[in-house]
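Asks: You'll find target_20.csv just under this line, and it carries CSV, C-alpha atoms.
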chain,number,residue,atom,x,y,z
A,184,MET,CA,139.4,26.8,42.7
A,185,SER,CA,136.5,24.4,43.0
A,186,ALA,CA,138.4,21.5,41.5
A,187,ILE,CA,140.6,20.9,44.6
A,188,GLY,CA,140.7,17.2,45.3
A,189,SER,CA,141.2,16.3,48.9
A,190,LEU,CA,141.6,19.9,50.1
A,191,PRO,CA,144.8,19.6,52.2
A,192,GLY,CA,144.7,21.4,55.5
A,193,LEU,CA,141.0,20.7,56.2
A,194,ASP,CA,140.2,18.6,59.2
A,195,PRO,CA,139.2,15.2,57.7
A,196,VAL,CA,137.0,14.4,60.7
A,197,ILE,CA,134.7,17.4,60.0
A,198,HIS,CA,135.2,17.5,56.2
A,199,ALA,CA,132.4,15.0,55.4
A,200,GLN,CA,128.9,16.0,54.6
A,201,ALA,CA,127.1,14.2,57.4
A,202,ARG,CA,129.6,15.0,60.2
A,203,LEU,CA,129.8,18.6,59.1
A,204,ARG,CA,126.0,18.9,59.5
A,205,VAL,CA,126.2,17.3,63.0
A,206,MET,CA,129.0,19.8,63.9
A,207,VAL,CA,126.9,22.8,62.6
A,208,ALA,CA,123.9,21.7,64.6
A,209,LEU,CA,125.9,21.2,67.8
A,210,ALA,CA,127.7,24.5,67.3
A,211,ALA,CA,124.3,26.2,67.1
A,212,LEU,CA,123.6,25.3,70.8
A,213,ALA,CA,124.2,28.0,73.4
A,214,THR,CA,127.4,27.6,75.3
A,215,GLY,CA,127.0,24.8,77.9
A,216,ASP,CA,123.8,23.4,76.5
A,217,GLN,CA,123.3,19.7,75.6
A,218,ILE,CA,120.8,18.2,73.2
A,219,THR,CA,119.1,14.8,73.4
A,220,PHE,CA,120.0,12.2,70.8
A,221,PRO,CA,116.4,11.9,69.4
A,222,ARG,CA,116.0,15.7,69.1
A,223,LEU,CA,119.4,16.0,67.2
A,224,GLN,CA,118.3,13.1,65.0
A,225,GLN,CA,115.0,14.9,64.2
A,226,LEU,CA,116.9,18.2,63.6
A,227,LEU,CA,119.2,16.5,61.1
A,228,ASP,CA,116.8,14.1,59.5
A,229,MET,CA,119.2,11.2,59.9
A,230,THR,CA,118.6,7.6,60.9
A,231,ALA,CA,119.6,6.6,64.4
A,232,GLY,CA,122.2,4.2,63.1
A,233,ASN,CA,123.7,6.8,60.8
A,234,LEU,CA,123.8,9.5,63.5
A,235,SER,CA,125.4,7.2,66.1
A,236,THR,CA,128.1,6.1,63.6
A,237,HIS,CA,129.1,9.7,62.9
A,238,LEU,CA,128.8,10.7,66.6
A,239,ARG,CA,131.2,7.9,67.5
A,240,LYS,CA,133.8,9.2,65.0
A,241,LEU,CA,133.4,12.7,66.4
A,242,GLU,CA,133.6,11.3,70.0
A,243,ASP,CA,136.8,9.4,69.1
A,244,ALA,CA,138.3,12.7,67.9
A,245,SER,CA,137.2,14.3,71.3
A,246,TYR,CA,135.0,16.8,69.4
A,247,VAL,CA,131.8,15.6,71.0
A,248,GLN,CA,130.9,14.6,74.5
A,249,ILE,CA,128.1,12.1,75.0
A,250,THR,CA,126.4,12.0,78.4
A,251,LYS,CA,124.0,9.4,79.6
A,252,ALA,CA,121.5,10.6,82.1
A,253,TYR,CA,118.2,9.3,83.6
A,254,GLN,CA,114.9,11.2,83.4
A,255,ARG,CA,112.1,9.5,85.3
A,256,ARG,CA,114.1,6.2,85.1
A,257,THR,CA,114.3,6.4,81.3
A,258,PRO,CA,117.9,6.7,80.0
A,259,VAL,CA,118.5,9.8,77.9
A,260,THR,CA,121.5,10.5,75.8
A,261,TYR,CA,122.8,14.0,75.7
A,262,VAL,CA,125.2,15.3,73.1
A,263,ALA,CA,127.3,18.5,73.1
A,264,LEU,CA,130.5,19.8,71.5
A,265,THR,CA,133.6,19.8,73.6
A,266,GLU,CA,135.8,22.8,73.8
A,267,GLN,CA,138.1,21.0,71.4
A,268,GLY,CA,135.3,20.4,69.0
A,269,GLN,CA,134.2,24.0,69.2
A,270,ARG,CA,137.8,25.1,68.3
A,271,ALA,CA,138.1,22.5,65.5
A,272,PHE,CA,134.9,23.8,64.0
A,273,THR,CA,136.0,27.4,64.2
A,274,ASP,CA,139.4,26.5,62.7
A,275,TYR,CA,137.7,24.5,59.9
A,276,THR,CA,135.4,27.4,59.0
A,277,ALA,CA,138.4,29.8,59.0
A,278,ALA,CA,140.4,27.4,56.8
A,279,LEU,CA,137.5,27.3,54.3
A,280,HIS,CA,137.3,31.0,54.2
A,281,GLN,CA,141.1,31.2,53.6
A,282,LEU,CA,140.9,28.7,50.8
A,283,LEU,CA,138.2,30.8,49.1
A,284,THR,CA,139.9,34.1,49.5
A,285,PRO,CA,141.5,35.4,46.3
A,286,PRO,CA,145.3,35.8,46.7
A,287,SER,CA,145.1,39.6,46.1
A,288,ASP,CA,142.7,39.9,49.1
A,289,GLN,CA,145.0,37.9,51.3
A,290,LEU,CA,147.8,40.4,50.6
A,291,GLY,CA,145.5,43.3,51.3
A,292,GLY,CA,144.1,41.8,54.5
B,162,MET,CA,118.5,1.1,55.0
B,163,ALA,CA,118.1,3.3,51.9
B,164,GLY,CA,118.7,6.5,53.7
B,165,GLU,CA,122.1,5.3,55.1
B,166,ASP,CA,123.1,4.0,51.7
B,167,THR,CA,122.5,7.3,50.0
B,168,GLY,CA,124.2,9.2,52.8
B,169,ALA,CA,127.3,7.0,52.6
B,170,ARG,CA,127.4,7.1,48.8
B,171,LEU,CA,127.1,10.9,48.7
B,172,GLU,CA,129.9,11.1,51.1
B,173,GLU,CA,132.3,8.8,49.3
B,174,ASP,CA,131.5,9.8,45.7
B,175,SER,CA,131.5,13.5,46.1
B,176,PRO,CA,134.1,15.0,48.3
B,177,LEU,CA,133.0,18.5,49.2
B,178,SER,CA,134.7,21.4,47.6
B,179,ALA,CA,135.4,24.4,49.8
B,180,GLU,CA,132.5,26.3,48.3
B,181,GLU,CA,130.1,23.4,48.7
B,182,SER,CA,131.3,23.0,52.3
B,183,LEU,CA,130.7,26.6,53.1
B,184,ALA,CA,127.4,26.6,51.4
B,185,LEU,CA,126.4,23.5,53.4
B,186,ILE,CA,127.4,25.2,56.7
B,187,GLU,CA,125.3,28.2,55.9
B,188,SER,CA,122.2,26.4,54.8
B,189,GLN,CA,122.5,24.0,57.7
B,190,GLN,CA,122.9,26.9,60.2
B,191,ARG,CA,119.8,28.6,58.8
B,192,GLU,CA,117.9,25.3,59.1
B,193,VAL,CA,119.0,24.6,62.6
B,194,HIS,CA,118.3,28.1,63.9
B,195,ARG,CA,114.9,27.9,62.3
B,196,ARG,CA,114.0,24.6,63.8
B,197,LEU,CA,115.8,24.9,67.1
B,198,GLY,CA,114.9,28.5,67.7
B,199,VAL,CA,111.7,29.5,69.4
B,200,ASN,CA,109.0,31.3,67.4
B,201,VAL,CA,109.4,34.6,69.2
B,202,ALA,CA,106.6,36.4,67.4
B,203,LEU,CA,104.2,33.9,69.0
B,204,PHE,CA,105.0,35.4,72.4
B,205,TYR,CA,103.7,38.8,71.3
B,206,GLY,CA,101.0,38.4,68.6
B,207,PRO,CA,98.3,36.8,70.8
B,208,TRP,CA,98.9,39.3,73.6
B,209,GLY,CA,98.7,42.1,71.1
B,210,ALA,CA,95.4,40.9,69.9
B,211,ALA,CA,94.2,40.4,73.5
B,212,TYR,CA,95.2,44.0,74.5
B,213,LEU,CA,93.8,45.6,71.3
B,214,LEU,CA,90.4,43.7,71.2
B,215,GLY,CA,90.0,42.9,74.9
B,216,PHE,CA,90.7,46.4,76.4
B,217,GLY,CA,89.2,47.9,73.3
B,218,SER,CA,85.9,46.1,74.0
B,219,VAL,CA,86.0,47.2,77.7
B,220,PHE,CA,86.5,50.8,76.5
B,221,LEU,CA,83.4,50.4,74.3
B,222,THR,CA,81.2,49.5,77.3
B,223,TYR,CA,81.5,53.1,78.6
B,224,PRO,CA,78.5,54.9,77.1
B,225,SER,CA,79.8,58.4,77.6
B,226,ALA,CA,82.9,57.8,75.6
B,227,VAL,CA,81.5,56.4,72.3
B,228,PRO,CA,78.0,56.4,70.8
B,229,LEU,CA,78.2,52.6,70.3
B,230,ARG,CA,77.8,50.8,73.6
B,231,LEU,CA,78.9,47.2,74.1
B,232,PRO,CA,77.2,45.2,76.8
B,233,GLY,CA,79.6,44.5,79.8
B,234,GLY,CA,79.1,40.7,79.5
B,235,VAL,CA,80.2,40.7,75.9
B,236,ALA,CA,83.4,42.6,76.7
B,237,ALA,CA,84.1,40.3,79.6
B,238,VAL,CA,83.8,37.2,77.4
B,239,ILE,CA,86.0,38.7,74.7
B,240,THR,CA,88.6,39.8,77.2
B,241,GLY,CA,88.5,36.5,79.1
B,242,VAL,CA,88.8,34.3,76.1
B,243,LEU,CA,91.6,36.3,74.4
B,244,PHE,CA,93.7,36.6,77.5
B,245,ALA,CA,93.3,32.9,78.4
B,246,ALA,CA,94.3,32.0,74.8
B,247,ALA,CA,97.3,34.3,75.0
B,248,ILE,CA,98.4,32.6,78.2
B,249,VAL,CA,98.0,29.1,76.7
B,250,VAL,CA,99.9,30.0,73.6
B,251,SER,CA,102.8,31.5,75.6
B,252,VAL,CA,103.1,28.6,77.9
B,253,VAL,CA,102.9,26.0,75.1
B,254,ASN,CA,105.4,28.0,73.0
B,255,GLY,CA,107.7,28.5,75.9
B,256,THR,CA,107.7,24.8,76.8
B,257,ARG,CA,108.3,23.7,73.2
B,258,ALA,CA,111.2,26.1,72.9
B,259,GLY,CA,113.6,24.1,75.0
B,260,ARG,CA,112.5,20.6,73.8
B,261,GLY,CA,115.3,18.1,74.0
B,262,VAL,CA,117.8,20.7,75.3
B,263,ARG,CA,119.2,21.0,78.8
B,264,GLY,CA,121.8,23.5,80.1
B,265,PRO,CA,122.1,27.2,80.9
B,266,SER,CA,119.8,28.5,78.2
B,267,ARG,CA,117.0,26.1,79.2
B,268,MET,CA,117.4,27.2,82.8
B,269,VAL,CA,117.2,30.9,81.8
B,270,GLY,CA,114.0,30.2,79.8
B,271,VAL,CA,112.3,28.2,82.6
B,272,MET,CA,113.2,30.9,85.2
B,273,TYR,CA,112.0,33.7,83.0
B,274,GLY,CA,108.7,31.9,82.3
B,275,TRP,CA,108.1,31.4,86.0
B,276,SER,CA,109.0,35.1,86.6
B,277,TRP,CA,105.8,36.0,84.8
B,278,THR,CA,103.6,33.6,86.8
B,279,LEU,CA,105.2,34.6,90.1
B,280,GLY,CA,105.2,38.3,89.3
B,281,PHE,CA,101.5,38.3,88.5
B,282,CYS,CA,100.6,36.2,91.6
B,283,GLY,CA,102.4,38.8,93.7
B,284,LEU,CA,100.8,41.7,91.9
B,285,ALA,CA,97.3,40.2,92.4
B,286,ALA,CA,97.9,39.7,96.1
B,287,VAL,CA,99.1,43.3,96.6
B,288,ASN,CA,96.3,44.8,94.5
B,289,ILE,CA,93.5,42.7,96.0
B,290,GLY,CA,94.8,43.6,99.5
B,291,VAL,CA,95.0,47.3,98.7
B,292,THR,CA,91.6,47.4,97.1
B,293,ARG,CA,89.9,45.7,100.1
B,294,ARG,CA,91.2,48.6,102.3
B,295,GLY,CA,88.7,50.8,100.4
B,296,LEU,CA,89.4,52.1,96.9
B,297,SER,CA,86.9,53.7,94.6
B,298,ALA,CA,86.1,51.6,91.5
B,299,ASP,CA,88.0,54.0,89.3
B,300,ALA,CA,91.0,54.1,91.6
B,301,ALA,CA,91.1,50.3,91.7
B,302,THR,CA,90.8,50.1,87.9
B,303,LEU,CA,93.8,52.5,87.5
B,304,LEU,CA,95.8,50.6,90.1
B,305,TRP,CA,95.4,47.4,88.1
B,306,SER,CA,96.0,49.1,84.8
B,307,GLY,CA,99.2,50.9,86.0
B,308,SER,CA,100.7,48.1,88.1
B,309,ALA,CA,100.1,45.4,85.6
B,310,LEU,CA,101.7,47.4,82.8
B,311,LEU,CA,104.6,48.3,85.1
B,312,LEU,CA,105.2,44.6,85.7
B,313,VAL,CA,104.9,43.7,82.0
B,314,GLY,CA,107.3,46.5,81.1
B,315,VAL,CA,109.9,45.4,83.7
B,316,LEU,CA,109.7,41.8,82.6
B,317,TYR,CA,110.3,42.8,79.0
B,318,LEU,CA,113.2,44.9,80.1
B,319,ALA,CA,114.6,41.8,81.9
B,320,GLY,CA,114.0,39.6,78.8
B,321,GLY,CA,115.7,42.2,76.6
B,322,ALA,CA,118.7,42.1,79.0
B,323,LEU,CA,118.8,38.3,79.2
B,324,TRP,CA,118.6,37.7,75.4
B,325,GLN,CA,120.5,40.9,74.5
B,326,ASP,CA,117.7,42.1,72.4
B,327,ARG,CA,117.3,45.8,72.1
B,328,PHE,CA,113.9,45.6,70.4
B,329,GLN,CA,112.4,43.6,73.4
B,330,TYR,CA,114.0,46.0,75.8
B,331,GLY,CA,112.5,48.9,73.8
B,332,LEU,CA,109.1,47.2,74.1
B,333,GLY,CA,109.6,47.2,77.9
B,334,VAL,CA,110.2,50.9,77.9
B,335,TRP,CA,107.1,51.4,75.8
B,336,MET,CA,105.0,49.3,78.2
B,337,LEU,CA,106.2,51.4,81.1
B,338,VAL,CA,105.1,54.6,79.3
B,339,THR,CA,101.8,52.9,78.4
B,340,GLY,CA,101.1,52.0,82.0
B,341,ALA,CA,101.9,55.5,83.2
B,342,GLY,CA,99.9,57.0,80.4
B,343,SER,CA,96.9,54.8,81.2
B,344,VAL,CA,96.8,56.1,84.8
B,345,LEU,CA,97.1,59.7,83.6
B,346,ALA,CA,94.3,59.2,81.1
B,347,GLY,CA,91.9,58.1,83.9
B,348,VAL,CA,88.8,55.8,83.4
B,349,PRO,CA,87.7,54.9,80.8
B,350,GLY,CA,90.5,56.5,78.7
B,351,ASN,CA,93.0,54.1,80.3
B,352,PHE,CA,91.4,51.2,78.4
B,353,ALA,CA,91.9,53.1,75.1
B,354,VAL,CA,95.5,53.7,76.0
B,355,LEU,CA,96.0,50.0,76.9
B,356,SER,CA,94.2,48.9,73.7
B,357,LEU,CA,95.9,51.1,71.2
B,358,ALA,CA,99.4,51.8,72.7
B,359,GLY,CA,99.8,48.5,74.5
B,360,GLY,CA,98.2,46.3,71.9
B,361,GLY,CA,99.8,48.3,69.1
B,362,GLY,CA,103.3,48.0,70.6
B,363,LEU,CA,102.9,44.2,71.1
B,364,LEU,CA,101.6,43.7,67.5
B,365,LEU,CA,104.4,45.8,66.1
B,366,THR,CA,106.9,43.6,68.1
B,367,ALA,CA,105.2,40.5,66.7
B,368,GLY,CA,105.6,41.8,63.2
B,369,TYR,CA,109.2,42.7,63.8
B,370,PHE,CA,110.1,39.2,65.0
B,371,THR,CA,108.2,37.6,62.2
B,372,LEU,CA,110.2,39.5,59.6
B,373,ARG,CA,113.6,39.3,61.3
B,374,PRO,CA,115.7,36.3,60.3
B,375,PRO,CA,116.4,33.8,63.2
B,376,ARG,CA,119.6,34.5,65.1
B,377,PRO,CA,122.1,32.2,66.8
B,378,ARG,CA,121.2,31.6,70.4
B,379,ARG,CA,124.1,33.1,72.2
Could you spell out this file's structure in C-alpha cells?
Replies:
Amino acid sequence: MSAIGSLPGLDPVIHAQARLRVMVALAALATGDQITFPRLQQLLDMTAGNLSTHLRKLEDASYVQITKAYQRRTPVTYVALTEQGQRAFTDYTAALHQLLTPPSDQLGG
Amino acid sequence: MAGEDTGARLEEDSPLSAEESLALIESQQREVHRRLGVNVALFYGPWGAAYLLGFGSVFLTYPSAVPLRLPGGVAAVITGVLFAAAIVVSVVNGTRAGRGVRGPSRMVGVMYGWSWTLGFCGLAAVNIGVTRRGLSADAATLLWSGSALLLVGVLYLAGGALWQDRFQYGLGVWMLVTGAGSVLAGVPGNFAVLSLAGGGGLLLTAGYFTLRPPRPRR
C-alpha cells in the first residue's frame, strides 16, 4: 500500500510536503481569519522566499487569498484559505483516508 | 540558501506516500494548534494563586478566626502583588494570543478582554457609590465579595458560550455559587470561601487546561 508512486487522484497542488504544511496551517485558522506572512513563516519555519514560492502556486490554484493592507503606514500581507482551498484540503484528506482504508472496510462502510 | 535546497530536494526526491502524507497532516496540525493556540491555563493559574493566597492572607488577619494572626499590611501587600501580577499575565497572554491574526476570532478575543476591564470599572463605580451612602464595613466587604464573584462568574459563562467550552462554563457556575456562598458565610468567613472555593476552582481549571491537548479554534 505504501509503495504507490504518484498516487493518482490526489491533488498535485497540495500533495507536496511544503505546500501541504502551508495548507494545514491555514486550515487551522478560525473561519474568516487571516494570518500575516511573517507569522505564518514563523509558524512553519520556512524561509521567506520558499514560503512565497509555495503561496504563489497555491494562489494560482485559487486555494489561497493574499491581501495587502496597511497598518500604521506599514504594508502587511495577510494570507487565508479561500473557500475553494478549504474544500480542496477537505477533499484531499478524504482521498487519503480512502486510499488507506482496506477494501473490506470500504464494503462494510 | 541551504534551507530552500533541502526543502526542494526533499520534495522532489521523496514523493509522499498516503501514510506519510496523513502523518504529516496530523503532526503539523498538532504543531500549529500548539503554537497558534493561546495558553489557556495561563488565564487561570495566576488568578487561582491570587485568590488562594491573597484572600487566604486576608482571612488570617482576623484574630478571632485563627490563632495565627497576620498583620493587615502584610496581607494587603500579598493580595496587591498577586492580583496585579494576575492582571499583567492575563493582559500579556491575551494580547499574544492573536499575534499576526486578524478576523472574527481576533475581534471576539479583543471584545471579551475589554468586557473584563469595562465590567470591573462599572462594578467599582456602583459599589463605591453604594458604599458612600452608608454601609457598615462588613456589609461593604460582602457587597464587593458577592458582586465581584457574580461578575467573574458571568464573564466565565460568556467565555464558555463564546468558545463552546463546557469546562469554562462550569467554572462560571462555580464562581456564582462561590460568590453567593461568600455572602452567606459573612465576614471573615467570606475570605475563606473566596480563597478555598474560588482559588481552588481556578487552580483546578488551570490544571485541566494544562493537561488537555490543544484543540482546533473553531
Asks: What does the distance between atom CA of Leu229 of chain B and atom CA of Leu303 of chain B come to in Å, to one decimal place?
Replies: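 Between atom CA of Leu229 of chain B and atom CA of Leu303 of chain B the gap works out to 23.2 Å.
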Asks: Pick from B:Gly274, B:Gly264, B:Gly350, B:Pro207: nearest to Leu212 of chain A, with all atoms listed in the file counted?
Replies: B:Gly264
Asks: Counting all atoms listed in the file, which residues from chain A have an atom at most 6 Å from any atom of chain B, and could you show them as a ChimeraX atom specification?
Replies: /A:185,213,215-219,222,279
Asks: Write out as an mmCIF file with C-alpha atoms, in the coordinates of the input the residues lying within 8 Å of Ala319 of chain B, counting only C-alpha atoms and excluding same-chain residues fewer than 4 positions away.
Replies:
data_model
loop_
_atom_site.group_PDB
_atom_site.id
_atom_site.type_symbol
_atom_site.label_atom_id
_atom_site.label_comp_id
_atom_site.auth_asym_id
_atom_site.auth_seq_id
_atom_site.Cartn_x
_atom_site.Cartn_y
_atom_site.Cartn_z
ATOM 1 C CA VAL B 315 109.900 45.400 83.700
ATOM 2 C CA LEU B 323 118.800 38.300 79.200
ATOM 3 C CA TYR B 330 114.000 46.000 75.800
#
Asks: Between atom CA of Phe272 of chain A and atom CA of Pro374 of chain B, what is the distance in Å, rounded to a tenth?
Replies: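 Computed distance, atom CA of Phe272 of chain A to atom CA of Pro374 of chain B, equals 23.2 Å.
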Asks: For a test of reading the model, state the distance in Å between atom CA of Thr214 of chain A and atom CA of Val201 of chain B, rounded to one decimal.
Replies: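 Between atom CA of Thr214 of chain A and atom CA of Val201 of chain B the gap is 20.3 Å.
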Asks: List the spatial neighbours of segment 192-198 of chain A as a list in words - criterion: any atom at most 10 Å away, all atoms listed in the file, same-chain residues fewer than 5 positions off excluded.
Replies: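 That gives Leu203, Arg204, Val205, Met206, Val207, His237, Lys240, Leu241, Asp243, Ala244, Tyr246, Gly268, Ala271, Phe272, Asp274, Tyr275, Thr276, Ala277, Ala278, Leu279 and Leu282 of chain A; Glu172, Pro176, Leu177, Ser178, Ala179 and Ser182 of chain B.
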